[in-house]
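Q: My structure file work_23.txt, compact mmCIF, N, CA and C atoms and all ligand atoms, is below:
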# COMPACT_ATOMS: atom_id res chain seq x y z
N MET A 1 10.91 2.48 4.56
CA MET A 1 11.64 1.84 3.48
C MET A 1 12.23 2.88 2.55
N GLN A 2 13.20 2.44 1.79
CA GLN A 2 13.88 3.32 0.85
C GLN A 2 13.21 3.14 -0.51
N LYS A 3 12.86 4.26 -1.16
CA LYS A 3 12.27 4.18 -2.50
C LYS A 3 12.95 5.22 -3.38
N SER A 4 13.00 4.95 -4.65
CA SER A 4 13.52 5.94 -5.58
C SER A 4 12.58 6.05 -6.76
N GLY A 5 12.65 7.22 -7.39
CA GLY A 5 11.77 7.45 -8.52
C GLY A 5 12.38 8.45 -9.48
N THR A 6 11.85 8.48 -10.67
CA THR A 6 12.31 9.45 -11.67
C THR A 6 11.11 9.94 -12.46
N CYS A 7 11.33 11.07 -13.14
CA CYS A 7 10.35 11.51 -14.11
C CYS A 7 10.53 10.69 -15.39
N LEU A 8 9.69 10.93 -16.36
CA LEU A 8 9.72 10.14 -17.60
C LEU A 8 11.06 10.23 -18.32
N CYS A 9 11.66 11.41 -18.37
CA CYS A 9 12.92 11.58 -19.11
C CYS A 9 14.15 11.36 -18.24
N CYS A 10 13.93 11.10 -16.95
CA CYS A 10 15.01 10.83 -15.98
C CYS A 10 15.91 12.03 -15.69
N ALA A 11 15.49 13.23 -16.05
CA ALA A 11 16.27 14.42 -15.69
C ALA A 11 16.20 14.68 -14.19
N VAL A 12 15.11 14.25 -13.56
CA VAL A 12 14.92 14.45 -12.13
C VAL A 12 14.81 13.08 -11.46
N THR A 13 15.60 12.90 -10.40
CA THR A 13 15.55 11.67 -9.60
C THR A 13 15.26 12.02 -8.15
N LEU A 14 14.41 11.24 -7.52
CA LEU A 14 14.16 11.40 -6.10
C LEU A 14 14.55 10.13 -5.38
N ASP A 15 15.34 10.29 -4.31
CA ASP A 15 15.64 9.17 -3.43
C ASP A 15 14.99 9.47 -2.09
N ILE A 16 14.12 8.58 -1.66
CA ILE A 16 13.29 8.85 -0.50
C ILE A 16 13.68 7.91 0.64
N ALA A 17 14.14 8.52 1.73
CA ALA A 17 14.41 7.75 2.95
C ALA A 17 13.11 7.70 3.74
N ASN A 18 12.90 6.66 4.50
CA ASN A 18 11.69 6.54 5.34
C ASN A 18 10.41 6.71 4.52
N ALA A 19 10.43 6.18 3.31
CA ALA A 19 9.23 6.28 2.48
C ALA A 19 8.08 5.52 3.14
N PRO A 20 6.89 6.09 3.14
CA PRO A 20 5.75 5.41 3.76
C PRO A 20 5.33 4.21 2.92
N ASP A 21 4.66 3.25 3.57
CA ASP A 21 4.13 2.10 2.83
C ASP A 21 2.64 2.28 2.55
N THR A 22 2.19 3.55 2.67
CA THR A 22 0.79 3.87 2.39
C THR A 22 0.72 5.04 1.41
N THR A 23 -0.40 5.11 0.71
CA THR A 23 -0.62 6.22 -0.19
C THR A 23 -2.07 6.69 -0.03
N GLY A 24 -2.31 7.93 -0.48
CA GLY A 24 -3.66 8.46 -0.44
C GLY A 24 -4.00 9.06 -1.79
N ALA A 25 -5.27 9.02 -2.12
CA ALA A 25 -5.75 9.60 -3.37
C ALA A 25 -6.48 10.89 -3.08
N CYS A 26 -6.24 11.90 -3.91
CA CYS A 26 -6.96 13.16 -3.76
C CYS A 26 -7.79 13.41 -5.02
N HIS A 27 -9.07 13.65 -4.80
CA HIS A 27 -9.99 13.89 -5.92
C HIS A 27 -10.36 15.37 -6.05
N CYS A 28 -9.60 16.27 -5.41
CA CYS A 28 -9.97 17.69 -5.51
C CYS A 28 -9.76 18.17 -6.95
N GLY A 29 -10.41 19.26 -7.28
CA GLY A 29 -10.36 19.75 -8.66
C GLY A 29 -8.96 20.12 -9.12
N MET A 30 -8.14 20.62 -8.20
CA MET A 30 -6.77 21.00 -8.58
C MET A 30 -5.94 19.76 -8.88
N CYS A 31 -6.02 18.75 -8.03
CA CYS A 31 -5.25 17.51 -8.28
C CYS A 31 -5.74 16.82 -9.55
N ARG A 32 -7.04 16.89 -9.78
CA ARG A 32 -7.59 16.25 -10.99
C ARG A 32 -7.01 16.89 -12.24
N LYS A 33 -7.01 18.20 -12.29
CA LYS A 33 -6.47 18.87 -13.48
C LYS A 33 -4.96 18.70 -13.58
N TRP A 34 -4.28 18.80 -12.45
CA TRP A 34 -2.82 18.71 -12.45
C TRP A 34 -2.35 17.34 -12.92
N SER A 35 -3.01 16.30 -12.42
CA SER A 35 -2.57 14.94 -12.72
C SER A 35 -3.20 14.40 -14.00
N GLY A 36 -4.28 15.02 -14.43
CA GLY A 36 -5.01 14.49 -15.58
C GLY A 36 -5.85 13.28 -15.20
N GLY A 37 -6.03 13.04 -13.92
CA GLY A 37 -6.82 11.89 -13.48
C GLY A 37 -6.97 11.94 -11.99
N VAL A 38 -6.54 10.88 -11.34
CA VAL A 38 -6.56 10.87 -9.87
C VAL A 38 -5.12 10.98 -9.38
N TYR A 39 -4.91 11.84 -8.38
CA TYR A 39 -3.55 12.00 -7.85
C TYR A 39 -3.34 11.10 -6.66
N LEU A 40 -2.32 10.25 -6.77
CA LEU A 40 -1.92 9.37 -5.67
C LEU A 40 -0.58 9.86 -5.16
N GLY A 41 -0.54 10.26 -3.90
CA GLY A 41 0.69 10.82 -3.34
C GLY A 41 1.20 10.04 -2.15
N LEU A 42 2.53 10.05 -2.01
CA LEU A 42 3.20 9.48 -0.84
C LEU A 42 3.59 10.64 0.06
N HIS A 43 3.16 10.60 1.31
CA HIS A 43 3.50 11.70 2.24
C HIS A 43 4.94 11.54 2.71
N VAL A 44 5.80 12.43 2.23
CA VAL A 44 7.23 12.38 2.55
C VAL A 44 7.57 13.60 3.38
N LYS A 45 8.16 13.36 4.55
CA LYS A 45 8.50 14.48 5.43
C LYS A 45 9.62 15.31 4.82
N ALA A 46 9.57 16.61 5.10
CA ALA A 46 10.61 17.52 4.62
C ALA A 46 11.97 16.98 5.02
N GLY A 47 12.88 16.91 4.09
CA GLY A 47 14.22 16.43 4.39
C GLY A 47 14.43 14.95 4.10
N ASP A 48 13.35 14.20 3.90
CA ASP A 48 13.50 12.77 3.62
C ASP A 48 13.71 12.48 2.13
N ALA A 49 13.56 13.48 1.28
CA ALA A 49 13.76 13.26 -0.15
C ALA A 49 15.03 13.97 -0.61
N THR A 50 15.87 13.23 -1.29
CA THR A 50 17.06 13.80 -1.91
C THR A 50 16.79 13.91 -3.40
N ILE A 51 16.90 15.14 -3.91
CA ILE A 51 16.54 15.38 -5.31
C ILE A 51 17.81 15.59 -6.13
N THR A 52 17.92 14.85 -7.21
CA THR A 52 19.02 15.04 -8.17
C THR A 52 18.41 15.64 -9.44
N GLY A 53 19.05 16.67 -9.96
CA GLY A 53 18.52 17.32 -11.17
C GLY A 53 17.48 18.37 -10.86
N ALA A 54 17.57 18.96 -9.66
CA ALA A 54 16.57 19.95 -9.23
C ALA A 54 16.49 21.15 -10.17
N ASN A 55 17.56 21.42 -10.89
CA ASN A 55 17.53 22.56 -11.83
C ASN A 55 16.58 22.31 -13.00
N ASN A 56 16.11 21.06 -13.15
CA ASN A 56 15.14 20.74 -14.20
C ASN A 56 13.69 20.87 -13.72
N ILE A 57 13.50 21.26 -12.46
CA ILE A 57 12.15 21.31 -11.90
C ILE A 57 11.54 22.69 -12.10
N SER A 58 10.32 22.72 -12.58
CA SER A 58 9.52 23.94 -12.63
C SER A 58 8.47 23.87 -11.53
N THR A 59 8.12 25.02 -11.02
CA THR A 59 7.20 25.08 -9.89
C THR A 59 6.00 25.94 -10.23
N TYR A 60 4.83 25.42 -9.93
CA TYR A 60 3.60 26.19 -10.08
C TYR A 60 3.01 26.42 -8.70
N ILE A 61 2.86 27.68 -8.33
CA ILE A 61 2.27 28.00 -7.02
C ILE A 61 0.76 27.89 -7.17
N SER A 62 0.20 26.80 -6.64
CA SER A 62 -1.20 26.48 -6.92
C SER A 62 -2.16 27.05 -5.89
N SER A 63 -1.63 27.50 -4.77
CA SER A 63 -2.50 28.11 -3.74
C SER A 63 -1.61 28.87 -2.78
N ASP A 64 -2.25 29.49 -1.78
CA ASP A 64 -1.48 30.23 -0.78
C ASP A 64 -0.71 29.29 0.14
N TRP A 65 -0.99 27.98 0.07
CA TRP A 65 -0.37 27.06 1.03
C TRP A 65 0.46 25.96 0.39
N ALA A 66 0.50 25.91 -0.95
CA ALA A 66 1.26 24.80 -1.55
C ALA A 66 1.70 25.13 -2.97
N GLU A 67 2.71 24.37 -3.40
CA GLU A 67 3.20 24.48 -4.77
C GLU A 67 3.25 23.08 -5.39
N ARG A 68 3.23 23.06 -6.71
CA ARG A 68 3.24 21.79 -7.45
C ARG A 68 4.43 21.82 -8.40
N CYS A 69 5.24 20.78 -8.31
CA CYS A 69 6.51 20.78 -9.04
C CYS A 69 6.48 19.70 -10.12
N PHE A 70 7.05 20.04 -11.27
CA PHE A 70 7.03 19.12 -12.41
C PHE A 70 8.33 19.26 -13.19
N CYS A 71 8.65 18.25 -13.99
CA CYS A 71 9.86 18.28 -14.79
C CYS A 71 9.66 19.24 -15.96
N ALA A 72 10.58 20.18 -16.10
CA ALA A 72 10.47 21.19 -17.15
C ALA A 72 10.70 20.60 -18.53
N THR A 73 11.33 19.44 -18.60
CA THR A 73 11.62 18.83 -19.90
C THR A 73 10.48 17.92 -20.37
N CYS A 74 10.07 16.98 -19.52
CA CYS A 74 9.09 15.99 -19.98
C CYS A 74 7.69 16.24 -19.43
N GLY A 75 7.54 17.15 -18.47
CA GLY A 75 6.22 17.49 -17.96
C GLY A 75 5.67 16.57 -16.88
N THR A 76 6.45 15.57 -16.47
CA THR A 76 5.98 14.66 -15.42
C THR A 76 5.71 15.43 -14.13
N ASN A 77 4.56 15.20 -13.53
CA ASN A 77 4.25 15.79 -12.24
C ASN A 77 5.03 15.05 -11.16
N LEU A 78 5.76 15.81 -10.35
CA LEU A 78 6.69 15.21 -9.39
C LEU A 78 6.12 15.17 -7.98
N PHE A 79 5.76 16.33 -7.46
CA PHE A 79 5.23 16.37 -6.10
C PHE A 79 4.50 17.69 -5.84
N TYR A 80 3.67 17.58 -4.82
CA TYR A 80 2.95 18.71 -4.22
C TYR A 80 3.72 19.02 -2.95
N ARG A 81 4.01 20.29 -2.68
CA ARG A 81 4.78 20.60 -1.48
C ARG A 81 4.09 21.71 -0.70
N VAL A 82 3.98 21.52 0.61
CA VAL A 82 3.33 22.50 1.48
C VAL A 82 4.29 23.66 1.71
N THR A 83 3.81 24.88 1.46
CA THR A 83 4.63 26.07 1.65
C THR A 83 4.19 26.87 2.87
N ALA A 84 2.97 26.65 3.33
CA ALA A 84 2.44 27.43 4.46
C ALA A 84 3.23 27.13 5.72
N PRO A 85 3.48 28.16 6.54
CA PRO A 85 4.17 27.92 7.81
C PRO A 85 3.35 26.97 8.68
N GLY A 86 4.04 26.19 9.49
CA GLY A 86 3.35 25.24 10.36
C GLY A 86 4.08 23.92 10.35
N PRO A 87 3.51 22.93 11.06
CA PRO A 87 4.19 21.64 11.20
C PRO A 87 4.36 20.87 9.89
N MET A 88 3.55 21.19 8.89
CA MET A 88 3.62 20.47 7.62
C MET A 88 4.50 21.17 6.59
N GLN A 89 5.03 22.34 6.92
CA GLN A 89 5.79 23.11 5.92
C GLN A 89 6.96 22.29 5.38
N GLY A 90 7.05 22.24 4.07
CA GLY A 90 8.12 21.49 3.42
C GLY A 90 7.77 20.05 3.13
N ASP A 91 6.71 19.54 3.77
CA ASP A 91 6.29 18.16 3.50
C ASP A 91 5.87 18.04 2.04
N MET A 92 6.15 16.88 1.47
CA MET A 92 5.85 16.65 0.06
C MET A 92 4.87 15.50 -0.08
N HIS A 93 4.07 15.58 -1.12
CA HIS A 93 3.25 14.45 -1.52
C HIS A 93 3.77 14.04 -2.89
N VAL A 94 4.66 13.06 -2.86
CA VAL A 94 5.36 12.63 -4.06
C VAL A 94 4.45 11.70 -4.87
N ALA A 95 4.40 11.94 -6.16
CA ALA A 95 3.54 11.12 -7.02
C ALA A 95 3.96 9.66 -6.97
N LEU A 96 3.01 8.80 -6.62
CA LEU A 96 3.27 7.35 -6.56
C LEU A 96 3.83 6.84 -7.88
N GLY A 97 3.35 7.42 -8.97
CA GLY A 97 3.75 6.96 -10.29
C GLY A 97 5.21 7.15 -10.62
N LEU A 98 5.92 7.96 -9.85
CA LEU A 98 7.35 8.17 -10.12
C LEU A 98 8.20 6.98 -9.73
N LEU A 99 7.69 6.19 -8.78
CA LEU A 99 8.54 5.16 -8.17
C LEU A 99 8.95 4.10 -9.18
N ASN A 100 10.22 3.76 -9.11
CA ASN A 100 10.71 2.69 -9.99
C ASN A 100 10.12 1.36 -9.57
N ASP A 101 9.88 1.20 -8.27
CA ASP A 101 9.25 -0.02 -7.75
C ASP A 101 8.10 0.39 -6.84
N PRO A 102 6.90 0.49 -7.42
CA PRO A 102 5.77 0.95 -6.60
C PRO A 102 5.08 -0.17 -5.82
N THR A 103 5.71 -1.33 -5.69
CA THR A 103 5.08 -2.44 -4.96
C THR A 103 5.20 -2.20 -3.45
N GLY A 104 4.36 -2.88 -2.70
CA GLY A 104 4.43 -2.85 -1.24
C GLY A 104 3.79 -1.63 -0.62
N ILE A 105 3.02 -0.88 -1.39
CA ILE A 105 2.37 0.33 -0.88
C ILE A 105 0.86 0.14 -0.97
N THR A 106 0.20 0.44 0.13
CA THR A 106 -1.24 0.21 0.25
C THR A 106 -2.00 1.54 0.21
N LEU A 107 -3.12 1.56 -0.49
CA LEU A 107 -4.00 2.72 -0.49
C LEU A 107 -4.80 2.73 0.81
N THR A 108 -4.65 3.80 1.60
CA THR A 108 -5.34 3.84 2.89
C THR A 108 -6.40 4.94 2.99
N GLU A 109 -6.38 5.91 2.09
CA GLU A 109 -7.43 6.92 2.18
C GLU A 109 -7.65 7.64 0.85
N GLU A 110 -8.89 8.10 0.71
CA GLU A 110 -9.25 8.98 -0.41
C GLU A 110 -9.86 10.23 0.20
N ILE A 111 -9.38 11.39 -0.27
CA ILE A 111 -9.95 12.64 0.21
C ILE A 111 -10.68 13.35 -0.94
N PHE A 112 -11.60 14.23 -0.57
CA PHE A 112 -12.47 14.92 -1.54
C PHE A 112 -13.24 13.89 -2.37
N ILE A 113 -13.71 12.83 -1.69
CA ILE A 113 -14.38 11.73 -2.40
C ILE A 113 -15.64 12.22 -3.13
N ASP A 114 -16.28 13.27 -2.58
CA ASP A 114 -17.50 13.78 -3.23
C ASP A 114 -17.18 14.63 -4.46
N ARG A 115 -15.90 14.82 -4.76
CA ARG A 115 -15.49 15.51 -5.98
C ARG A 115 -15.01 14.54 -7.06
N LYS A 116 -15.03 13.25 -6.76
CA LYS A 116 -14.53 12.25 -7.69
C LYS A 116 -15.42 12.15 -8.92
N PRO A 117 -14.82 12.17 -10.12
CA PRO A 117 -15.63 11.96 -11.32
C PRO A 117 -16.32 10.59 -11.28
N ASP A 118 -17.45 10.48 -11.94
CA ASP A 118 -18.21 9.23 -11.94
C ASP A 118 -17.50 8.11 -12.69
N ALA A 119 -16.55 8.48 -13.56
CA ALA A 119 -15.98 7.51 -14.49
C ALA A 119 -15.14 6.42 -13.84
N TYR A 120 -14.71 6.62 -12.60
CA TYR A 120 -13.86 5.60 -11.97
C TYR A 120 -14.09 5.59 -10.47
N ALA A 121 -13.69 4.46 -9.86
CA ALA A 121 -13.74 4.32 -8.41
C ALA A 121 -12.61 3.41 -8.00
N LEU A 122 -11.99 3.72 -6.87
CA LEU A 122 -10.89 2.90 -6.38
C LEU A 122 -11.44 1.84 -5.43
N ALA A 123 -11.04 0.62 -5.69
CA ALA A 123 -11.57 -0.51 -4.92
C ALA A 123 -10.93 -0.58 -3.55
N GLY A 124 -11.53 -1.35 -2.67
CA GLY A 124 -10.93 -1.64 -1.38
C GLY A 124 -11.63 -0.97 -0.23
N ASP A 125 -11.34 -1.49 0.95
CA ASP A 125 -11.96 -0.99 2.17
C ASP A 125 -10.97 -0.06 2.86
N HIS A 126 -11.15 1.25 2.63
CA HIS A 126 -10.23 2.23 3.24
C HIS A 126 -11.03 3.49 3.55
N LYS A 127 -10.37 4.42 4.24
CA LYS A 127 -11.05 5.64 4.65
C LYS A 127 -11.39 6.50 3.42
N ARG A 128 -12.61 7.03 3.41
CA ARG A 128 -13.03 7.95 2.35
C ARG A 128 -13.62 9.19 3.01
N MET A 129 -13.06 10.36 2.69
CA MET A 129 -13.53 11.59 3.32
C MET A 129 -14.08 12.56 2.29
N THR A 130 -15.18 13.19 2.64
CA THR A 130 -15.77 14.21 1.78
C THR A 130 -14.93 15.48 1.84
N GLU A 131 -15.29 16.44 0.99
CA GLU A 131 -14.60 17.73 1.02
C GLU A 131 -14.70 18.38 2.41
N ALA A 132 -15.90 18.37 2.99
CA ALA A 132 -16.10 18.98 4.30
C ALA A 132 -15.25 18.27 5.36
N GLU A 133 -15.23 16.95 5.32
CA GLU A 133 -14.43 16.19 6.29
C GLU A 133 -12.93 16.44 6.09
N THR A 134 -12.52 16.53 4.82
CA THR A 134 -11.11 16.76 4.52
C THR A 134 -10.67 18.13 5.02
N LEU A 135 -11.47 19.16 4.74
CA LEU A 135 -11.11 20.52 5.16
C LEU A 135 -11.08 20.63 6.69
N ALA A 136 -12.00 19.92 7.35
CA ALA A 136 -12.00 19.94 8.82
C ALA A 136 -10.73 19.28 9.35
N MET A 137 -10.27 18.21 8.71
CA MET A 137 -9.05 17.54 9.13
C MET A 137 -7.84 18.45 8.96
N PHE A 138 -7.76 19.14 7.80
CA PHE A 138 -6.64 20.05 7.55
C PHE A 138 -6.64 21.19 8.57
N ALA A 139 -7.81 21.70 8.91
CA ALA A 139 -7.89 22.80 9.87
C ALA A 139 -7.34 22.36 11.22
N GLU A 140 -7.54 21.07 11.54
CA GLU A 140 -7.11 20.55 12.82
C GLU A 140 -5.59 20.36 12.89
N ILE A 141 -4.98 19.91 11.80
CA ILE A 141 -3.55 19.59 11.85
C ILE A 141 -2.65 20.75 11.45
N SER A 142 -3.21 21.82 10.91
CA SER A 142 -2.32 22.91 10.47
C SER A 142 -2.19 23.98 11.55
ZN ZN A 201 11.65 14.71 -17.04
ZN ZN A 202 -5.98 17.52 -4.20
Step by step, read the file and then write its structure as structure tokens.
Ligand SMILES: [Zn+2]
Ligand SMILES: [Zn+2]
A:
Amino acid sequence: MQKSGTCLCCAVTLDIANAPDTTGACHCGMCRKWSGGVYLGLHVKAGDATITGANNISTYISSDWAERCFCATCGTNLFYRVTAPGPMQGDMHVALGLLNDPTGITLTEEIFIDRKPDAYALAGDHKRMTEAETLAMFAEIS
């Protein structure tokens, strides 16, 4: 499906072709601090997102394998992008919260579940992976 989203000040717009109808939550310490809570991302393949206002984007290199991009004006977190060479390079995890119409998207997995703060829990029957399970999965697909 086609989805579009903006940051809070609308300086940055994303138009996403082939947007997934599923989302995943990451409870790792980096996503927690970056998002200020729980990070919900849409896995968007490299090339499926058209960005308008890219000159307003600031980038924080958060690890050897990924960067985190945010609006330099309003501070909205936009997406996590894989920089490491391999089949996932360039893939983005676009913040669900950016979408102008976030309906029709189902939560299908939570990763780093053993890092989740006690203060909240996401309801529903979906896959939940511990840090060890998550890292093993990444090792397999990268
Ligand atoms: Zn903005
Ligand atoms: Zn994370």
Q: Mind pulling up the distance from atom CA of Gly90 of chain A to atom CA of Trp65 of chain A?
A: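 Between these atoms lies a distance of 10.4 Å.
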Q: Counting only N, CA and C atoms and all ligand atoms, give me one row per residue of chain A with an atom at most 8 Å from an atom of ligand ZN 202 (chain A), showing the shortest contact pair and its distance in Å to one decimal, sorted by chain then residue number, as a Markdown table.
A:
| residue | atom | partner | partner_atom | distance |
| --- | --- | --- | --- | --- |
| A:Ala25 | C | A:ZN202 | ZN | 6.7 |
| A:Cys26 | CA | A:ZN202 | ZN | 4.5 |
| A:His27 | N | A:ZN202 | ZN | 5.0 |
| A:Cys28 | N | A:ZN202 | ZN | 4.0 |
| A:Gly29 | N | A:ZN202 | ZN | 5.7 |
| A:Met30 | C | A:ZN202 | ZN | 5.2 |
| A:Cys31 | N | A:ZN202 | ZN | 4.0 |
| A:Arg32 | N | A:ZN202 | ZN | 5.7 |
| A:Tyr39 | CA | A:ZN202 | ZN | 7.0 |
| A:Ile111 | C | A:ZN202 | ZN | 7.1 |
| A:Phe112 | N | A:ZN202 | ZN | 7.5 |
Q: For the atom pair atom C of Asp91 of chain A and atom C of Ala72 of chain A, what is the interatomic distance in Å to one decimal place?
A: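 Distance reported for this atom pair: 21.3 Å.
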Q: Taking all atoms listed in the file into account, which residues are within 8 Å of ligand ZN 201 (chain A), as a ChimeraX atom specification?
A: /A:6-13,56,70-77
Q: Rank nothing, just name the residue among A:Asp21, A:Asp64, A:Asp48, A:Glu110 nearest to Thr134 of chain A, using only N, CA and C atoms.
A: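 So, comparing all the options, the nearest one is A:Glu110.
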